[in-house]
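**Q** What follows is data37.txt, made up of compact mmCIF, C-alpha atoms:
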```
# COMPACT_ATOMS: atom_id res chain seq x y z
CA ASP A 255 -11.71 -44.59 -6.15
CA ARG A 256 -12.68 -42.82 -2.95
CA LEU A 257 -10.70 -45.28 -0.85
CA ALA A 258 -7.66 -44.83 -3.11
CA LEU A 259 -7.98 -41.04 -2.71
CA VAL A 260 -8.05 -41.39 1.09
CA ARG A 261 -4.91 -43.56 0.92
CA ALA A 262 -3.19 -40.99 -1.28
CA ARG A 263 -4.06 -38.23 1.16
CA ALA A 264 -2.72 -40.35 4.03
CA ALA A 265 0.53 -40.86 2.12
CA GLU A 266 0.78 -37.09 1.55
CA ALA A 267 0.11 -36.37 5.24
CA THR A 268 2.82 -38.80 6.35
CA GLY A 269 5.47 -37.38 4.05
CA GLN A 270 5.35 -40.09 1.37
CA THR A 271 5.39 -37.53 -1.41
CA GLU A 272 6.33 -39.79 -4.33
CA ALA A 273 3.71 -42.41 -3.43
CA ALA A 274 1.06 -39.71 -3.04
CA LEU A 275 1.93 -38.11 -6.39
CA ASP A 276 1.79 -41.49 -8.16
CA ALA A 277 -1.60 -42.22 -6.61
CA TYR A 278 -2.99 -38.80 -7.53
CA THR A 279 -1.78 -39.19 -11.12
CA ARG A 280 -3.44 -42.63 -11.44
CA LEU A 281 -6.71 -41.33 -10.03
CA GLU A 282 -6.62 -38.27 -12.29
CA ASP A 283 -6.37 -40.60 -15.33
CA THR A 284 -8.73 -43.41 -14.29
CA ALA A 285 -11.17 -42.31 -11.57
CA LEU A 286 -14.62 -40.93 -12.08
CA ARG A 287 -15.47 -37.36 -11.23
CA PRO A 288 -15.37 -35.73 -8.73
CA VAL A 289 -12.59 -37.97 -7.41
CA SER A 290 -10.45 -37.41 -10.51
CA VAL A 291 -10.89 -33.63 -10.15
CA GLU A 292 -9.86 -33.64 -6.49
CA ALA A 293 -6.89 -35.90 -7.26
CA SER A 294 -5.75 -33.54 -10.02
CA LEU A 295 -6.05 -30.56 -7.66
CA ARG A 296 -4.18 -32.21 -4.80
CA GLY A 297 -1.53 -33.59 -7.14
CA ALA A 298 -0.83 -30.17 -8.62
CA LEU A 299 -0.57 -28.48 -5.22
CA LEU A 300 1.66 -31.24 -3.84
CA ALA A 301 3.92 -31.19 -6.91
CA ARG A 302 4.29 -27.43 -6.57
CA ALA A 303 5.08 -27.70 -2.85
CA ALA A 304 7.67 -30.40 -3.59
CA GLY A 305 9.31 -28.27 -6.26
CA LYS A 306 8.38 -30.65 -9.06
CA LEU A 307 6.16 -28.11 -10.78
CA THR A 308 6.86 -24.47 -11.57
CA SER A 309 4.60 -21.76 -10.25
CA ASP A 310 3.29 -20.90 -13.72
CA ALA A 311 2.63 -24.55 -14.56
CA ALA A 312 0.76 -25.08 -11.29
CA ILE A 313 -1.36 -21.99 -11.86
CA GLU A 314 -2.14 -23.09 -15.42
CA ARG A 315 -3.19 -26.54 -14.22
CA LEU A 316 -5.48 -25.19 -11.51
CA GLU A 317 -7.00 -22.66 -13.88
CA ARG A 318 -7.74 -25.49 -16.31
CA ILE A 319 -9.32 -27.59 -13.53
CA GLY A 320 -11.38 -24.59 -12.45
CA LEU A 321 -12.85 -24.31 -15.94
CA THR A 322 -14.25 -27.83 -15.78
CA TRP A 323 -15.62 -28.06 -12.21
CA HIS A 324 -17.96 -25.55 -10.59
CA ARG A 325 -19.62 -26.84 -7.46
CA GLY A 326 -19.14 -27.90 -3.89
CA PRO A 327 -16.06 -27.93 -1.65
CA ILE A 328 -13.77 -28.92 -4.51
CA ASP A 329 -14.58 -25.73 -6.39
CA GLU A 330 -13.83 -23.73 -3.24
CA ALA A 331 -10.54 -25.62 -2.78
CA ILE A 332 -9.53 -24.90 -6.38
CA THR A 333 -10.19 -21.20 -5.90
CA ALA A 334 -8.32 -21.10 -2.59
CA GLY A 335 -5.38 -22.98 -4.11
CA LEU A 336 -5.22 -20.54 -6.99
CA ALA A 337 -5.30 -17.58 -4.60
CA ARG A 338 -2.29 -18.92 -2.68
CA LEU A 339 -0.38 -19.61 -5.89
CA TYR A 340 -1.12 -16.10 -7.14
CA LEU A 341 0.09 -14.63 -3.83
CA ALA A 342 3.30 -16.64 -3.96
CA ALA A 343 3.92 -15.57 -7.57
CA GLY A 344 3.27 -11.88 -6.84
CA ARG A 345 0.26 -11.70 -9.14
CA TRP A 346 -1.47 -9.35 -6.73
CA ARG A 347 -4.56 -8.36 -8.69
CA ASP A 348 -5.36 -11.98 -9.56
CA ALA A 349 -4.73 -12.99 -5.94
CA PHE A 350 -6.96 -10.35 -4.34
CA THR A 351 -9.73 -10.94 -6.88
CA THR A 352 -9.64 -14.67 -6.14
CA VAL A 353 -9.66 -14.10 -2.36
CA ARG A 354 -12.71 -11.91 -2.79
CA ARG A 355 -14.39 -14.78 -4.66
CA VAL A 356 -13.46 -17.24 -1.90
CA ASN A 357 -15.08 -14.98 0.67
CA ALA A 358 -18.20 -14.81 -1.45
CA PHE A 359 -18.41 -18.63 -1.44
CA ALA A 360 -17.84 -19.21 2.28
CA PRO A 361 -17.05 -16.05 4.22
CA ASN A 362 -17.07 -17.69 7.67
CA ALA A 363 -15.19 -20.89 6.84
CA PRO A 364 -11.88 -21.32 8.70
CA ALA A 365 -10.03 -21.84 5.40
CA SER A 366 -11.48 -18.61 3.99
CA GLU A 367 -10.54 -16.67 7.10
CA ALA A 368 -6.95 -17.99 7.00
CA LEU A 369 -6.64 -17.11 3.32
CA THR A 370 -8.01 -13.63 3.94
CA ARG A 371 -5.45 -13.06 6.70
CA ASP A 372 -2.66 -14.07 4.33
CA ALA A 373 -3.99 -11.75 1.62
CA GLN A 374 -4.28 -8.85 4.06
CA ALA A 375 -0.70 -9.43 5.23
CA ALA A 376 0.49 -9.39 1.59
CA PHE A 377 -1.52 -6.22 0.91
CA GLU A 378 0.00 -4.54 3.97
CA ASP A 379 3.53 -5.54 2.92
CA LEU A 380 3.00 -3.99 -0.51
CA TYR A 381 2.62 -0.55 1.07
CA LEU A 382 4.72 -0.78 4.24
CA THR A 383 7.80 -2.70 3.04
CA ASP A 384 10.05 -2.69 0.01
CA LYS A 385 8.00 -5.51 -1.51
CA GLY A 386 5.85 -2.89 -3.22
CA ASP A 387 8.81 -1.15 -4.87
CA SER A 388 8.32 -3.28 -7.97
CA LEU A 389 4.83 -1.83 -8.43
CA SER A 390 4.45 1.27 -10.52
CA GLY A 391 2.73 4.21 -8.88
CA VAL A 392 -0.34 3.70 -11.04
CA ASP A 393 -0.59 0.01 -10.11
CA ALA A 394 -0.15 0.75 -6.40
CA VAL A 395 -2.90 3.35 -6.42
CA ALA A 396 -5.24 1.20 -8.51
CA LEU A 397 -4.74 -1.84 -6.25
CA PHE A 398 -5.54 0.16 -3.15
CA PHE A 399 -8.75 1.66 -4.47
CA ASP A 400 -9.90 -1.63 -6.02
CA PHE A 401 -9.19 -3.75 -2.92
CA ARG A 402 -9.30 -1.30 -0.03
CA GLU A 403 -11.12 -3.90 2.10
CA MET A 404 -7.75 -5.68 2.35
CA SER A 405 -6.18 -2.70 4.08
CA PRO A 406 -5.28 -3.24 7.77
CA ILE A 407 -7.12 -1.38 10.50
CA GLY A 408 -5.68 0.87 13.18
CA ARG A 409 -2.33 2.61 13.02
CA ARG A 410 -0.90 0.37 10.31
CA GLY A 411 -3.91 1.13 8.13
CA ASP A 412 -3.31 4.83 8.70
CA GLU A 413 0.31 4.41 7.63
CA VAL A 414 -0.80 2.58 4.47
CA VAL A 415 -2.99 5.55 3.58
CA ARG A 416 -0.14 8.00 4.14
CA ARG A 417 2.21 5.94 1.98
CA LEU A 418 -0.48 5.83 -0.70
CA ALA A 419 -0.79 9.61 -0.52
CA ASP A 420 2.94 9.82 -1.24
CA ARG A 421 2.42 7.64 -4.32
CA LEU A 422 -0.39 9.94 -5.48
CA VAL A 423 1.88 12.95 -5.09
CA GLU A 424 4.54 11.21 -7.21
CA LEU A 425 1.91 10.86 -9.93
CA ASP A 426 1.00 14.56 -9.55
CA LEU A 427 -2.48 13.54 -8.36
CA LEU A 428 -2.47 16.21 -5.68
CA ASP A 429 -6.20 16.53 -5.02
CA PRO A 430 -6.74 12.80 -4.27
CA ALA A 431 -3.62 12.81 -2.08
CA ALA A 432 -4.91 15.80 -0.17
CA ASP A 433 -8.33 14.17 0.26
CA LEU A 434 -6.76 11.06 1.81
CA LEU A 435 -4.65 13.08 4.24
CA LYS A 436 -7.57 15.36 5.13
CA TYR A 437 -9.71 12.33 5.96
CA GLN A 438 -6.97 11.12 8.31
CA ILE A 439 -6.83 14.50 10.03
CA ASP A 440 -10.60 14.88 10.35
CA ASN A 441 -11.51 11.34 11.36
CA ARG A 442 -8.56 9.21 12.42
CA LEU A 443 -5.81 11.09 14.24
CA THR A 444 -5.32 13.17 17.36
CA GLY A 445 -2.46 14.97 19.10
CA PRO A 446 1.04 15.22 17.58
CA ALA A 447 0.27 12.54 14.98
CA ARG A 448 -2.52 14.73 13.63
CA SER A 449 -0.18 17.73 13.52
CA ALA A 450 2.45 15.69 11.68
CA VAL A 451 0.04 14.57 8.97
CA ALA A 452 -1.24 18.15 8.75
CA ALA A 453 2.30 19.23 7.81
CA ARG A 454 2.19 16.69 4.98
CA LEU A 455 -1.19 17.97 3.84
CA ALA A 456 0.01 21.58 3.96
CA THR A 457 3.01 20.61 1.81
CA VAL A 458 0.68 19.03 -0.76
CA ARG A 459 -1.42 22.22 -0.75
CA LEU A 460 1.72 24.25 -1.44
CA MET A 461 2.66 21.95 -4.33
CA ASP A 462 -0.84 22.58 -5.70
CA ASP A 463 -0.34 26.37 -5.47
CA LYS A 464 -2.79 26.72 -2.58
CA PRO A 465 -0.78 28.50 0.14
CA MET A 466 -3.85 29.89 1.93
CA GLN A 467 -5.26 26.38 2.39
CA ALA A 468 -1.84 25.26 3.63
CA LEU A 469 -1.92 27.95 6.32
CA GLN A 470 -5.47 27.02 7.29
CA VAL A 471 -4.44 23.39 7.77
CA LEU A 472 -1.50 24.38 9.96
CA ASP A 473 -3.58 26.79 12.05
CA ALA A 474 -6.33 24.22 12.61
CA THR A 475 -3.89 21.59 13.90
CA ASP A 476 -1.51 23.71 15.97
CA LEU A 477 -0.73 22.52 19.49
CA PRO A 478 1.24 24.31 22.21
CA GLU A 479 3.43 21.30 22.96
CA LEU A 480 4.90 19.52 19.95
CA PRO A 481 8.20 17.65 19.48
CA ARG A 482 11.02 19.96 18.48
CA GLU A 483 11.56 18.43 15.04
CA LEU A 484 7.87 18.47 14.19
CA LYS A 485 7.51 22.08 15.30
CA ARG A 486 10.49 23.01 13.14
CA ALA A 487 9.08 21.19 10.10
CA ARG A 488 5.72 22.92 10.47
CA GLY A 489 7.52 26.26 10.75
CA LEU A 490 9.30 25.65 7.45
CA VAL A 491 6.03 24.89 5.69
CA ARG A 492 4.36 27.93 7.28
CA ALA A 493 7.20 30.20 6.16
CA ARG A 494 6.96 28.88 2.60
CA ALA A 495 3.19 29.45 2.54
CA LEU A 496 3.55 33.01 3.86
CA SER A 497 6.21 33.70 1.24
CA ASP A 498 3.91 32.44 -1.52
CA LEU A 499 1.28 34.87 -0.21
CA SER A 500 3.83 37.73 -0.45
CA ARG A 501 3.91 38.16 3.33
CA THR A 502 7.68 38.25 3.25
CA ASP A 503 8.47 39.83 6.62
CA LEU A 504 6.17 37.45 8.46
CA ALA A 505 7.72 34.50 6.63
CA LEU A 506 11.22 35.60 7.65
CA GLU A 507 10.08 36.16 11.20
CA THR A 508 8.73 32.60 11.34
CA ILE A 509 12.18 31.10 10.79
CA GLU A 510 14.36 33.76 12.41
CA ASP A 511 15.23 31.53 15.40
CA GLU A 512 16.08 28.51 13.23
CA SER A 513 19.38 27.58 11.62
CA GLY A 514 20.77 25.01 9.25
CA PRO A 515 21.30 24.57 5.50
CA ASP A 516 17.59 24.05 4.83
CA ILE A 517 16.77 27.30 6.65
CA GLN A 518 19.42 29.15 4.67
CA ARG A 519 18.01 27.85 1.39
CA LEU A 520 14.47 28.76 2.39
CA ARG A 521 15.51 32.24 3.47
CA ALA A 522 17.26 32.77 0.13
CA ASP A 523 14.14 31.59 -1.73
CA ILE A 524 11.94 33.94 0.28
CA TYR A 525 14.13 36.92 -0.60
CA TRP A 526 14.17 35.86 -4.24
CA GLY A 527 10.38 35.49 -4.35
CA ALA A 528 10.03 38.97 -2.86
CA ARG A 529 12.41 40.38 -5.51
CA ARG A 530 14.72 41.65 -2.79
CA TRP A 531 17.74 41.02 -4.93
CA ARG A 532 20.53 42.22 -2.65
CA GLU A 533 19.41 40.06 0.28
CA ALA A 534 18.74 37.15 -2.09
CA GLY A 535 22.24 37.40 -3.56
CA GLU A 536 23.87 37.61 -0.13
CA ALA A 537 21.82 34.62 1.09
CA HIS A 538 22.79 32.52 -1.90
CA GLU A 539 26.43 33.50 -1.49
CA GLY A 540 26.17 32.45 2.13
CA LEU A 541 25.12 28.97 0.98
CA LEU A 542 28.48 28.60 -0.79
CA GLY A 543 30.49 29.21 2.38
CA ASP A 544 34.19 29.59 1.65
CA ALA A 545 34.01 28.05 -1.82
```
Output the file's structure as structure tokens, nothing else.
**A**
Amino acid sequence: DRLALVRARAAEATGQTEAALDAYTRLEDTALRPVSVEASLRGALLARAAGKLTSDAAIERLERIGLTWHRGPIDEAITAGLARLYLAAGRWRDAFTTVRRVNAFAPNAPASEALTRDAQAAFEDLYLTDKGDSLSGVDAVALFFDFREMSPIGRRGDEVVRRLADRLVELDLLDPAADLLKYQIDNRLTGPARSAVAARLATVRLMDDKPMQALQVLDATDLPELPRELKRARGLVRARALSDLSRTDLALETIEDESGPDIQRLRADIYWGARRWREAGEAHEGLLGDA
């Protein structure tokens, strides 16, 4: 049986797919364990790779094998095979849970390290590409907090956190979103990048009806030299916060040197919030142009 398994593996390695599948099927039916278990595993993975087995059928077969064998390298191979099938099928929670189990078995094994890299790449794509658009906001947030060890390090990890904060805002979970952004500001970022994220945090504070905290964030992260667009964006947020605090003249002064449709709309809103009806009406009329 062991010799037949070696021959089947040699046939698979040399591209003789049909011969390998036939040999694996025979061994699965006639060989003693653990050879029959390994043959069933290899046959299922090869059939899936050759397109002779659907993803769901391959997953079902490996799950069934995993219920009947629980020791040694074969068990680890079953788990790793399932993890890759889950990743390919987009069953993210099952995939990340299985990868975590693989790492518990053999954290330093080359196969475990390769699988972990693949899982981390998939995790990163969920938050940095359109692959994650199919996830609901709740699922995206839950996956991150349940498997945050999969998150990349460095700048890409910081971007994942910022994207996640946007998802939290969409769900109206403003305090957790603010906590994530504040951690970035306090511990991860410096320079203009820190000031940019501070503008995001200040916006979240405004959405949460906390204009004073928004101003404090902006004041704590102000720099004399910032890119023009970033400086303008921070000025808009500052003006909105001052308006919410009824400091109307200071809010108007903040944006007096700026122009554009967004500035016009903000100026009209500031007048309206201050109950300065004539100026508010004129500002809103100005938005219509020659209509």
**Q** So that I can check the surroundings of Ala298 of chain A, please list as a VMD selection string every protein, DNA and RNA residue that reaches within 8 Å of it, counting only C-alpha atoms and ignoring chain neighbours fewer than 5 positions away.
**A** chain A and resid 307 312 315 to 316
**Q** Where does segment 338-433 of chain A meet segment 450-459 of chain A within 8 Å, residue by residue, with the nearest atom pair and distance in Å to one decimal for each, counting only C-alpha atoms, listed by chain and rising number, as JSON lines?
**A**
```
{"residue": "A:Val423", "atom": "CA", "partner": "A:Val458", "partner_atom": "CA", "distance": 7.6}
{"residue": "A:Leu428", "atom": "CA", "partner": "A:Val458", "partner_atom": "CA", "distance": 6.5}
{"residue": "A:Ala431", "atom": "CA", "partner": "A:Val458", "partner_atom": "CA", "distance": 7.7}
{"residue": "A:Ala432", "atom": "CA", "partner": "A:Leu455", "partner_atom": "CA", "distance": 5.9}
```
**Q** Looking at all atoms listed in the file, which of A:Lys306, A:Gly335, A:Val392, A:Arg355 is the one that sits closest to Glu424 of chain A?
**A**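 Ranked by minimum distance to Glu424 of chain A, first place goes to A:Val392.
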**Q** With all atoms listed in the file as the counted atoms, please give the residues lying no more than 8 Å from Tyr381 of chain A, apart from itself and same-chain residues fewer than 5 positions off, as a VMD selection string.
**A** chain A and resid 386 414 417 to 418
**Q** Could you tell me how far atom CA of Ile319 of chain A lies from atom CA of Ala303 of chain A, in Å and to one decimal?
**A**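 Rounded to one decimal, the two atoms are 17.9 Å apart.
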**Q** So, with only C-alpha atoms as the atoms that count, which of A:Gln470, A:Ser513, A:Thr279, A:Thr475 lies closest to Ser449 of chain A?
**A**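 Closest to Ser449 of chain A, using only C-alpha atoms: A:Thr475.
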**Q** Excluding Glu317 of chain A and any residue of its chain fewer than 4 positions from it, enumerate the residues within 9 Å of it, using all atoms listed in the file, and give them as an MDAnalysis selection string.
**A** chainID A and resid 312:313 321 332:333 336
**Q** Could you list, as a PyMOL selection string, every residue within 7 Å of segment 280-284 of chain A, counting all atoms listed in the file and ignoring same-chain residues fewer than 3 positions away?
**A** chain A and resi 276-277+290-291+293-294
